[in-house]
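Chemist: This is the structure, below, for whatever I ask next.
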Amino acid sequence: MRYITTIGLEVHVQLKTRSKMFCACPVEFGAAPNTYTCPTCLGLPGALPVMNHEALRMTVLTGLMLDCDIAEICKFDRKNYFYPDMPKNYQISQYDLPLCTNGRVPLHDLAYPKDAQKSIATPDKEVRLVRIHLEEDVAKSFHFETSTGIDFNRAGTPLMEIVTQPEIASPEEAFAFVTSLKQILIYGGVSDADMEKGQLRCDCNVSVRPETQAELGAKIEIKNMNSISGVRRALAFEIQRQIAALERGQKLEQETRGWDDGASATFLMRTKESAHDYRYFPDPDLVPVKSDVLLPDARARLPELPKQKRARFIRDYEVTPYDAGVLADDLDLAKYFETAAHGSKKLKAIANWILNDLQSALTTAGKTITDCPIPPAAFDELVRLIDSGKISGKQGKEVFAAMFASGKGAGTIVKEKGIEQLNDSGAIEALADQVIAANPKPVADFKAGNAASLNFLKGQVMKLSKGKANPQLAGEILERKLK
Ligand SMILES: [Zn+2]
């Protein structure tokens, strides 16, 4: 029996505003517990919420980036429940009139896990969205040995909830969705979307059904995933668990599960019987919002999106789709590359230096592109020195290493170290004569038609010149002499 998997995701994204959603407390990660609080975000009786307009604009901007319909009017509702992380016993959220509806997230090849990039089931897939609404984050609980501590610094942080259609077909696609979404959010400057800091969290709804069955299987929710690889592993585990249960003839029920990363397994949290009834009603403290006042600003901030940037890189810089993907994957790297390529005629060569030598040097040195010791404009000089034959490609690597170590320009290093390619035909001819005299066997082989022997002889000339001879010129001179 074959089974069909259906996955839908609910992604919570903390917005990168300076202050909280309904009060002026700062939004900052890592401060001492309960230092950024006030009567409003503590949920004290009588405190009144005041809307953060920047959070509304960022949500509209997100909607525009993801091709959503922006509602003309949206409103805030109270979602009622009792829990220590929400002492006023309701969370301000949006129920029937969210700010954004529909929309889609295009999945990029490089957003899939590396081991799955060769076998993408549906290339250029777009995952459609149901809605994006805005709400306030709750406080964070810390469970100690015998007690629980609650930190209200997080309470009231603006939080977007992005809900997909149930049309993700595999754990790998879910991985690609979160990666692609995260990139767009970073491009728009609406969130750093760092899962380790809880700025992006994900609930996964997953069901399996035999391929002969038309209706969806029981919807099982995995709560609060906090890493992209965790999303993939949790879904893979859960799909196998559900298939095994169905194969045993067991009937699956709607339930909520958690993910134990250490044990690599999901566990039961609650079943349908204890599902919440939140009794939403409009928040009487907050007036409905008309989006026409938010749209002009959001439109003005609409960035070039990852997909557009990749297309432009391929068109303007003659790089391969793969290279364009790697460059556009990191906004800082893309900016660095564009600065490096500015005004240069050797775009492809500059892309190669940055993608290969520079990336690997940065990794080895434990640095990122933002603290790269080589200023981007320095690559053009390096490439021109090689292109003009002043230094060889091999010497170029040596110059690059010195640039990385010292931050000095290529020309300065060539001068200081006396690195120069030997282009003097007379001098190379003299070396070629020595090599021919010392290697009668390869010479005879070449004359008998073994073309590969020329490479050996060329290597000997390079060796005699201590790597300084122009290899192309050396080859030409040898060939001429051996005719
Ligand atoms: Zn506050």
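Identifiers for the structure tokens are assigned positionally: chains receive A, B, ... in sequence, residues are indexed from 1 per chain, and ligands are indexed from 1 in the order shown.
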For ligand 1, return the neighbouring residues as a list in words (distance at most 8 Å; only C-alpha atoms and all ligand atoms).

Modeler: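 Going residue by residue within 8 Å of ligand 1, we get Lys20, Phe22, Cys23, Ala24, Cys25, Pro26, Tyr36, Thr37, Cys38, Pro39, Thr40, Cys41, Leu42, Ala155 and Gly156 of chain A.
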
Chemist: Which residues are close to range 451-463 of chain A, i.e. within 7 Å by only C-alpha atoms, leaving aside same-chain residues fewer than 4 positions away? Reply as a PyMOL selection string.

Modeler: chain A and resi 431-432+435+442+445-446+467-469+471+474-475

Chemist: Residues at most 10 Å from Leu473 in chain A, counting only C-alpha atoms, excluding those fewer than 4 positions away in the same chain, as a count of residues only?

Modeler: 11

Chemist: May I have the residues within 12 Å of Lys140 in chain A as a list in words, using only C-alpha atoms and disregarding those fewer than 3 positions away in the same chain?

Modeler: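 Near neighbours after the sequence-gap exclusion: Phe29, Pro33, Asn34, Tyr83, Pro84, Asp85, Met86, Asp137, His143, Thr148, Gly149, Ile150, Asp151, Phe152, Asn153, Arg154, Ala155, Gly156, Thr157, Lys197 and Gly198 of chain A.
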
Chemist: Write out as JSON, numbers by chain each polymer residue whose atoms come within 9 Å of range 350-364 of chain A, counting only C-alpha atoms; drop sequence neighbours fewer than 3 positions from it.

Modeler: {"A": [317, 319, 323, 326, 327, 333, 336, 337, 340, 341, 344, 346, 347, 367, 368, 369, 372, 374, 379, 380, 383, 397, 400, 401, 404]}

Chemist: Write out as a list in words each polymer residue whose atoms come within 6 Å of Gly8 in chain A, counting only C-alpha atoms; drop sequence neighbours fewer than 6 positions from it.

Modeler: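 So the residues in contact are Thr164, Gln165, Pro166 and Asn205 of chain A.
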
Chemist: Got a sec: who's within 8 Å of Asn102 in chain A, counting only C-alpha atoms, leaving out chain neighbours fewer than 3 positions off, as a list in words?

Modeler: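 In the requested format, the answer is Asp67, Cys68, Asp69, Arg128, Leu129, Val130 and Arg131 of chain A.
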
Chemist: In Å to one decimal, how far is CA of Leu99 in chain A from CA of Thr6 in chain A?

Modeler: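 Pair CA of Thr6 in chain A / CA of Leu99 in chain A returns 26.3 Å.
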
Chemist: Record the distance separating CA of Ser93 in chain A and CA of His133 in chain A, expressed in Å with one decimal.

Modeler: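 Distance reported for this atom pair: 7.5 Å.
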
Chemist: Using CA of Gly63 in chain A and CA of Ile132 in chain A as the two end points, give the distance in Å to one decimal.

Modeler: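 Rounded to one decimal, the two atoms are 7.3 Å apart.
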